[in-house]
$ cat data_17.cif   # mmCIF, C-alpha atoms
data_coords
#
loop_
_atom_site.label_atom_id
_atom_site.label_comp_id
_atom_site.auth_asym_id
_atom_site.auth_seq_id
_atom_site.Cartn_x
_atom_site.Cartn_y
_atom_site.Cartn_z
CA MET A 79 81.57 53.09 155.12
CA ILE A 80 81.85 56.05 152.76
CA LEU A 81 78.10 56.69 152.76
CA ASP A 82 78.28 57.42 156.48
CA ALA A 83 80.42 60.47 155.65
CA PHE A 84 77.42 62.03 153.86
CA ASN A 85 75.09 61.55 156.83
CA LEU A 86 73.99 64.84 158.43
CA GLN A 87 72.10 63.26 161.32
CA GLY A 88 72.25 65.55 164.36
CA LYS A 89 73.46 68.55 162.36
CA VAL A 90 71.73 71.93 162.28
CA ALA A 91 71.70 74.02 159.10
CA ILE A 92 70.75 77.65 158.53
CA VAL A 93 69.48 78.14 154.98
CA THR A 94 68.72 81.67 153.80
CA GLY A 95 66.17 82.30 151.08
CA SER A 96 64.54 79.02 152.01
CA GLY A 97 61.01 80.06 151.05
CA THR A 98 61.24 79.23 147.36
CA GLY A 99 63.45 78.04 144.56
CA LEU A 100 67.03 77.01 145.16
CA GLY A 101 66.89 77.60 148.91
CA ARG A 102 63.87 75.35 149.25
CA GLY A 103 65.53 72.62 147.19
CA MET A 104 68.69 72.67 149.29
CA ALA A 105 66.83 72.87 152.61
CA VAL A 106 64.83 69.78 151.73
CA GLY A 107 67.95 67.96 150.53
CA LEU A 108 69.84 68.70 153.75
CA ALA A 109 66.86 67.50 155.78
CA GLU A 110 66.71 64.29 153.74
CA ALA A 111 70.34 63.72 154.73
CA GLY A 112 69.41 64.12 158.41
CA ALA A 113 69.84 67.82 159.26
CA ASP A 114 67.42 70.00 161.20
CA ILE A 115 66.75 73.29 159.40
CA ALA A 116 66.51 76.94 160.40
CA GLY A 117 64.93 78.44 157.29
CA VAL A 118 65.37 82.19 156.84
CA TYR A 119 62.79 83.97 154.71
CA ASN A 120 61.69 87.54 154.01
CA SER A 121 58.14 87.32 152.69
CA SER A 122 56.01 84.19 152.61
CA GLU A 123 56.79 81.50 155.16
CA PRO A 124 58.58 78.52 153.57
CA ASP A 125 56.18 75.82 152.39
CA CYS A 126 58.96 73.27 152.85
CA ALA A 127 58.34 73.30 156.61
CA GLY A 128 55.71 70.56 156.35
CA VAL A 129 57.87 68.50 154.03
CA ILE A 130 60.83 68.68 156.41
CA THR A 131 58.88 67.96 159.59
CA GLY A 132 57.15 65.13 157.74
CA MET A 133 60.56 63.46 157.49
CA GLY A 134 60.94 63.60 161.25
CA ARG A 135 63.33 66.55 161.07
CA LYS A 136 62.86 69.82 162.94
CA PHE A 137 62.18 73.10 161.14
CA LEU A 138 62.38 76.65 162.47
CA GLY A 139 61.20 79.51 160.29
CA ILE A 140 63.00 82.82 160.88
CA LYS A 141 61.67 85.94 159.19
CA ALA A 142 64.40 88.49 158.56
CA ASP A 143 65.45 91.24 156.17
CA LEU A 144 69.04 90.27 155.51
CA ALA A 145 69.81 93.66 154.00
CA ASP A 146 69.46 95.04 157.52
CA LEU A 147 72.65 94.03 159.29
CA ASP A 148 71.02 94.43 162.70
CA GLN A 149 68.93 91.34 161.87
CA ILE A 150 71.93 89.11 161.20
CA GLU A 151 72.96 88.17 164.73
CA PRO A 152 69.38 87.38 165.89
CA ILE A 153 69.18 84.70 163.19
CA VAL A 154 72.08 82.86 164.78
CA ASP A 155 70.76 83.50 168.30
CA LYS A 156 67.34 82.04 167.48
CA THR A 157 68.93 78.99 165.88
CA ILE A 158 71.05 78.35 168.96
CA GLU A 159 68.09 78.93 171.30
CA ASN A 160 65.97 76.37 169.46
CA PHE A 161 68.54 73.75 168.46
CA GLY A 162 71.44 74.30 170.85
CA ARG A 163 74.04 74.57 168.09
CA VAL A 164 74.68 75.35 164.44
CA ASP A 165 76.82 73.27 162.07
CA ILE A 166 76.02 74.41 158.53
CA LEU A 167 75.25 77.73 156.82
CA VAL A 168 73.89 77.97 153.29
CA ASN A 169 74.12 81.61 152.17
CA ASN A 170 71.54 81.44 149.41
CA ALA A 171 69.40 84.60 149.60
CA GLY A 172 69.90 86.94 146.67
CA ILE A 173 68.24 89.28 144.21
CA ILE A 174 68.88 90.45 140.66
CA ARG A 175 68.12 93.73 138.88
CA ARG A 176 68.18 94.07 135.11
CA GLN A 177 69.05 97.39 133.46
CA PRO A 178 71.57 98.49 130.80
CA ALA A 179 74.87 99.48 132.36
CA LEU A 180 74.67 102.99 130.86
CA GLU A 181 71.40 103.54 132.70
CA PHE A 182 71.98 101.43 135.82
CA SER A 183 70.71 103.18 138.95
CA ARG A 184 72.43 103.58 142.31
CA GLU A 185 69.39 101.99 143.93
CA ASN A 186 69.69 98.86 141.78
CA TRP A 187 73.40 98.70 142.53
CA ASP A 188 73.09 99.10 146.29
CA GLU A 189 70.11 96.75 146.74
CA VAL A 190 71.90 93.88 145.02
CA LEU A 191 75.34 94.36 146.57
CA ASN A 192 73.88 94.84 150.06
CA LEU A 193 71.95 91.58 150.00
CA ASN A 194 74.07 89.39 147.75
CA LEU A 195 77.49 90.22 149.16
CA ARG A 196 77.47 92.41 152.28
CA SER A 197 74.88 90.41 154.22
CA LEU A 198 76.44 87.14 153.02
CA PHE A 199 79.76 88.11 154.59
CA PHE A 200 78.35 89.28 157.89
CA LEU A 201 76.13 86.23 158.32
CA ALA A 202 79.10 83.99 157.51
CA GLN A 203 81.11 85.91 160.09
CA ALA A 204 78.42 85.56 162.76
CA VAL A 205 78.07 81.81 162.15
CA ALA A 206 81.83 81.25 161.99
CA ARG A 207 82.20 82.92 165.39
CA ARG A 208 79.73 80.36 166.79
CA PHE A 209 81.67 77.53 165.17
CA VAL A 210 84.81 78.77 166.93
CA ALA A 211 83.00 79.21 170.25
CA GLN A 212 81.54 75.68 169.96
CA LYS A 213 85.01 74.35 169.07
CA SER A 214 83.17 72.24 166.53
CA GLY A 215 84.22 73.54 163.15
CA GLY A 216 81.50 73.76 160.54
CA LYS A 217 80.51 74.13 156.92
CA ILE A 218 79.66 77.34 155.05
CA ILE A 219 78.23 77.09 151.54
CA ASN A 220 77.86 80.33 149.58
CA ILE A 221 75.71 80.44 146.48
CA ALA A 222 77.64 81.91 143.59
CA SER A 223 76.54 81.92 139.92
CA MET A 224 77.60 81.36 136.34
CA LEU A 225 78.23 85.11 136.46
CA SER A 226 80.96 84.48 139.00
CA PHE A 227 82.83 83.21 135.91
CA GLN A 228 81.27 85.27 133.12
CA GLY A 229 80.15 88.83 132.45
CA GLY A 230 76.52 88.52 131.48
CA ILE A 231 74.47 91.41 130.12
CA LEU A 232 72.12 93.93 131.76
CA VAL A 233 73.11 92.76 135.27
CA PRO A 234 76.22 94.71 136.35
CA SER A 235 75.46 94.68 140.08
CA TYR A 236 74.56 90.98 140.06
CA THR A 237 77.75 90.08 138.19
CA ALA A 238 79.81 92.18 140.60
CA SER A 239 78.15 90.59 143.62
CA LYS A 240 78.51 87.01 142.41
CA SER A 241 82.12 87.54 141.34
CA GLY A 242 82.62 88.87 144.85
CA VAL A 243 80.99 85.78 146.36
CA MET A 244 83.48 83.50 144.64
CA GLY A 245 86.44 85.64 145.69
CA LEU A 246 85.18 85.98 149.25
CA THR A 247 84.67 82.23 149.47
CA ARG A 248 88.36 81.75 148.70
CA GLU A 249 89.45 84.42 151.18
CA LEU A 250 87.37 83.07 154.06
CA ALA A 251 88.54 79.53 153.32
CA CYS A 252 92.14 80.67 153.69
CA GLU A 253 91.44 82.32 157.06
CA TRP A 254 89.04 79.84 158.59
CA ALA A 255 90.41 76.45 157.53
CA ALA A 256 92.61 76.58 160.62
CA HIS A 257 89.41 76.57 162.70
CA ASN A 258 88.16 73.42 160.94
CA ILE A 259 85.65 75.52 158.98
CA ASN A 260 85.10 74.60 155.35
CA VAL A 261 84.01 77.52 153.18
CA ASN A 262 82.97 76.57 149.66
CA ALA A 263 80.44 77.71 147.07
CA ILE A 264 77.98 76.33 144.56
CA ALA A 265 77.53 78.09 141.24
CA PRO A 266 74.12 77.15 139.86
CA GLY A 267 73.66 77.19 136.12
CA TYR A 268 70.50 78.45 134.50
CA MET A 269 67.83 77.32 136.95
CA ALA A 270 64.08 77.56 136.49
CA THR A 271 63.33 79.94 139.37
CA GLU A 272 61.61 83.27 139.89
CA ASN A 273 64.92 85.11 139.41
CA THR A 274 65.18 83.77 135.84
CA ARG A 275 61.52 84.08 134.87
CA ALA A 276 62.23 86.99 132.51
CA LEU A 277 64.81 84.90 130.63
CA GLN A 278 62.58 81.85 130.47
CA GLN A 279 59.76 83.93 129.01
CA ASP A 280 61.97 85.64 126.42
CA PRO A 281 61.79 83.30 123.38
CA VAL A 282 65.08 84.50 121.90
CA ARG A 283 67.13 84.43 125.11
CA ASN A 284 65.54 81.15 126.22
CA ALA A 285 66.44 79.48 122.93
CA ASP A 286 70.00 80.82 123.05
CA ILE A 287 70.48 79.55 126.60
CA LEU A 288 69.14 76.09 125.84
CA LYS A 289 71.42 75.78 122.80
CA ARG A 290 74.47 76.12 125.04
CA ILE A 291 73.43 73.77 127.84
CA PRO A 292 74.72 70.27 126.98
CA ALA A 293 72.09 68.74 129.27
CA GLY A 294 69.45 70.36 127.03
CA HIS A 295 67.20 71.81 129.74
CA TRP A 296 67.04 74.36 132.54
CA GLY A 297 68.11 73.12 135.96
CA ARG A 298 65.68 72.54 138.81
CA PRO A 299 66.10 73.60 142.46
CA GLU A 300 66.40 69.98 143.55
CA ASP A 301 69.46 69.62 141.28
CA LEU A 302 71.45 71.54 143.90
CA ALA A 303 70.51 69.22 146.77
CA GLY A 304 73.29 66.68 146.17
CA ALA A 305 75.99 69.33 145.92
CA ALA A 306 74.74 71.01 149.09
CA VAL A 307 74.69 67.74 151.05
CA PHE A 308 78.19 66.87 149.82
CA LEU A 309 79.73 70.23 150.77
CA ALA A 310 77.90 70.19 154.13
CA SER A 311 79.17 66.71 154.98
CA GLU A 312 82.36 65.15 156.29
CA ALA A 313 82.91 63.77 152.80
CA ALA A 314 84.03 67.29 151.83
CA SER A 315 86.24 67.86 154.88
CA TYR A 316 89.38 68.48 152.78
CA ILE A 317 87.72 70.84 150.30
CA HIS A 318 88.34 74.52 151.01
CA GLY A 319 87.64 77.59 148.88
CA TYR A 320 86.22 75.77 145.86
CA THR A 321 83.25 76.84 143.75
CA LEU A 322 81.38 73.84 142.35
CA ALA A 323 79.40 74.54 139.18
CA VAL A 324 76.06 72.72 138.91
CA ASP A 325 75.25 73.90 135.44
CA GLY A 326 74.23 71.10 133.08
CA GLY A 327 77.63 71.50 131.36
CA TRP A 328 77.26 75.22 130.56
CA LEU A 329 80.84 76.15 131.46
CA ALA A 330 82.25 73.10 129.66
CA ARG A 331 80.99 74.29 126.27
#

$ encode --input "data_17.cif" --output "structure tokens"
Amino acid sequence: MILDAFNLQGKVAIVTGSGTGLGRGMAVGLAEAGADIAGVYNSSEPDCAGVITGMGRKFLGIKADLADLDQIEPIVDKTIENFGRVDILVNNAGIIRRQPALEFSRENWDEVLNLNLRSLFFLAQAVARRFVAQKSGGKIINIASMLSFQGGILVPSYTASKSGVMGLTRELACEWAAHNINVNAIAPGYMATENTRALQQDPVRNADILKRIPAGHWGRPEDLAGAAVFLASEAASYIHGYTLAVDGGWLAR
């Protein structure tokens, strides 16, 4: 039955940025499909832990600063120690800095690129090495953005990082498909999260954004759950290097 291909029972997923927003929504969705979750966070411990364990799934919280590359490998080690394996990685953690390009600081550039792109690659590398060692294959889902496709304004480092995420997703898919590793990405549209609070609270920008979204409203974190489950499942076993937009129709207009 086709629905069996979406079942993640017995799978283990690492989800970065799982404390709030999109990461929380995807972690809960993967757990609903049957996966146990290693939730990586940097500040407050994920409140989705109780929700996930309440489903009968296991949850492991891992506190880490992903911008520090020395903390990458221990994330994978702790996951293996607690669950015995890893099958899925959702590279979701990211930040944004807003400043006109003529004034954009080196600090704002480096902070965003280091977390959004550099750490994403090295965590994907660490997990892919485990997939190869397990001889199991696996699924890697990178979180891209509408600004993987568009320029945006006031966010040069974010646009550069998310354009890089989409390109890197394609490159890794080309290299790792031979190891039965699917590398794909999700590009969320305008989602009501902390990262977009400034836009939501700006009456002019908020109105302009809503005018272009055919669905007529901002997305919610749980809107990414279905896409995450699909790309993490055997139903997506022949999909490699694709970036799936979950955007309420934004790119179609």

$ residues_around --input "data_17.cif" --residues "A:Gly327" --least-positions-apart "5" --cutoff "8 Å" --atoms "all atoms listed in the file" --output "list of chain:residue names"
A:Ile291, A:Pro292, A:Ala293

$ resolve_selection --input "data_17.cif" --expression "the PyMOL selection byres ((chain A and resi 319) around 12)" --output "VMD selection string"
chain A and resid 217 to 220 243 to 255 259 to 264 309 314 to 318 320 to 322

$ atom_distance --input "data_17.cif" --atom1 "atom CA of A:Ala306" --atom2 "atom CA of A:Val90"
13.6 Å

$ resolve_selection --input "data_17.cif" --expression "the PyMOL selection byres ((chain A and resi 82) around 12)" --output "list in words"
Met79, Ile80, Leu81, Ala83, Phe84, Asn85, Leu86, Gln87, Ala111, Gly112, Phe308, Ser311, Glu312 and Ala313 of chain A

$ closest_atom_pairs --input "data_17.cif" --of "stretch 173-266 of chain A" --to "stretch 122-144 of chain A" --cutoff "12 Å" --atoms "all atoms listed in the file" --output "JSON lines"
{"residue": "A:Ile173", "atom": "CA", "partner": "A:Leu144", "partner_atom": "CA", "distance": 11.4}
{"residue": "A:Glu189", "atom": "CA", "partner": "A:Leu144", "partner_atom": "CA", "distance": 11.0}
{"residue": "A:Val190", "atom": "CA", "partner": "A:Leu144", "partner_atom": "CA", "distance": 11.5}
{"residue": "A:Leu191", "atom": "CA", "partner": "A:Leu144", "partner_atom": "CA", "distance": 11.7}
{"residue": "A:Asn192", "atom": "CA", "partner": "A:Leu144", "partner_atom": "CA", "distance": 8.6}
{"residue": "A:Leu193", "atom": "CA", "partner": "A:Leu144", "partner_atom": "CA", "distance": 6.4}
{"residue": "A:Asn194", "atom": "CA", "partner": "A:Leu144", "partner_atom": "CA", "distance": 9.3}
{"residue": "A:Leu195", "atom": "CA", "partner": "A:Leu144", "partner_atom": "CA", "distance": 10.6}
{"residue": "A:Arg196", "atom": "CA", "partner": "A:Leu144", "partner_atom": "CA", "distance": 9.3}
{"residue": "A:Ser197", "atom": "CA", "partner": "A:Leu144", "partner_atom": "CA", "distance": 6.0}
{"residue": "A:Leu198", "atom": "CA", "partner": "A:Leu144", "partner_atom": "CA", "distance": 8.4}
{"residue": "A:Phe199", "atom": "CA", "partner": "A:Leu144", "partner_atom": "CA", "distance": 11.0}
{"residue": "A:Phe200", "atom": "CA", "partner": "A:Leu144", "partner_atom": "CA", "distance": 9.7}
{"residue": "A:Leu201", "atom": "CA", "partner": "A:Leu144", "partner_atom": "CA", "distance": 8.6}

$ resolve_selection --input "data_17.cif" --expression "the PyMOL selection byres ((chain A and resi 118) around 8)" --output "PDB file with C-alpha atoms, in the coordinates of the input"
ATOM      1  CA  ILE A  92      70.750  77.650 158.530  1.00  0.00           C
ATOM      2  CA  VAL A  93      69.480  78.140 154.980  1.00  0.00           C
ATOM      3  CA  THR A  94      68.720  81.670 153.800  1.00  0.00           C
ATOM      4  CA  GLY A  95      66.170  82.300 151.080  1.00  0.00           C
ATOM      5  CA  SER A  96      64.540  79.020 152.010  1.00  0.00           C
ATOM      6  CA  GLY A  97      61.010  80.060 151.050  1.00  0.00           C
ATOM      7  CA  ALA A 116      66.510  76.940 160.400  1.00  0.00           C
ATOM      8  CA  GLY A 117      64.930  78.440 157.290  1.00  0.00           C
ATOM      9  CA  TYR A 119      62.790  83.970 154.710  1.00  0.00           C
ATOM     10  CA  ASN A 120      61.690  87.540 154.010  1.00  0.00           C
ATOM     11  CA  GLY A 139      61.200  79.510 160.290  1.00  0.00           C
ATOM     12  CA  ILE A 140      63.000  82.820 160.880  1.00  0.00           C
ATOM     13  CA  LYS A 141      61.670  85.940 159.190  1.00  0.00           C
ATOM     14  CA  ALA A 142      64.400  88.490 158.560  1.00  0.00           C
ATOM     15  CA  ILE A 153      69.180  84.700 163.190  1.00  0.00           C
TER      16      ILE A 153
END

$ residues_near_point --input "data_17.cif" --point "(71.4, 91.5, 133.0)" --cutoff "9 Å" --atoms "all atoms listed in the file" --output "list of chain:residue names"
A:Ile174, A:Arg175, A:Arg176, A:Gln177, A:Pro178, A:Ala179, A:Gly230, A:Ile231, A:Leu232, A:Val233, A:Pro234, A:Ser235, A:Tyr236, A:Thr237

$ write_last_selection --input "data_17.cif" --atoms "C-alpha atoms" --output "CSV table (one decimal), in the coordinates of the input"
chain,number,residue,atom,x,y,z
A,174,ILE,CA,68.9,90.4,140.7
A,175,ARG,CA,68.1,93.7,138.9
A,176,ARG,CA,68.2,94.1,135.1
A,177,GLN,CA,69.0,97.4,133.5
A,178,PRO,CA,71.6,98.5,130.8
A,179,ALA,CA,74.9,99.5,132.4
A,230,GLY,CA,76.5,88.5,131.5
A,231,ILE,CA,74.5,91.4,130.1
A,232,LEU,CA,72.1,93.9,131.8
A,233,VAL,CA,73.1,92.8,135.3
A,234,PRO,CA,76.2,94.7,136.4
A,235,SER,CA,75.5,94.7,140.1
A,236,TYR,CA,74.6,91.0,140.1
A,237,THR,CA,77.8,90.1,138.2
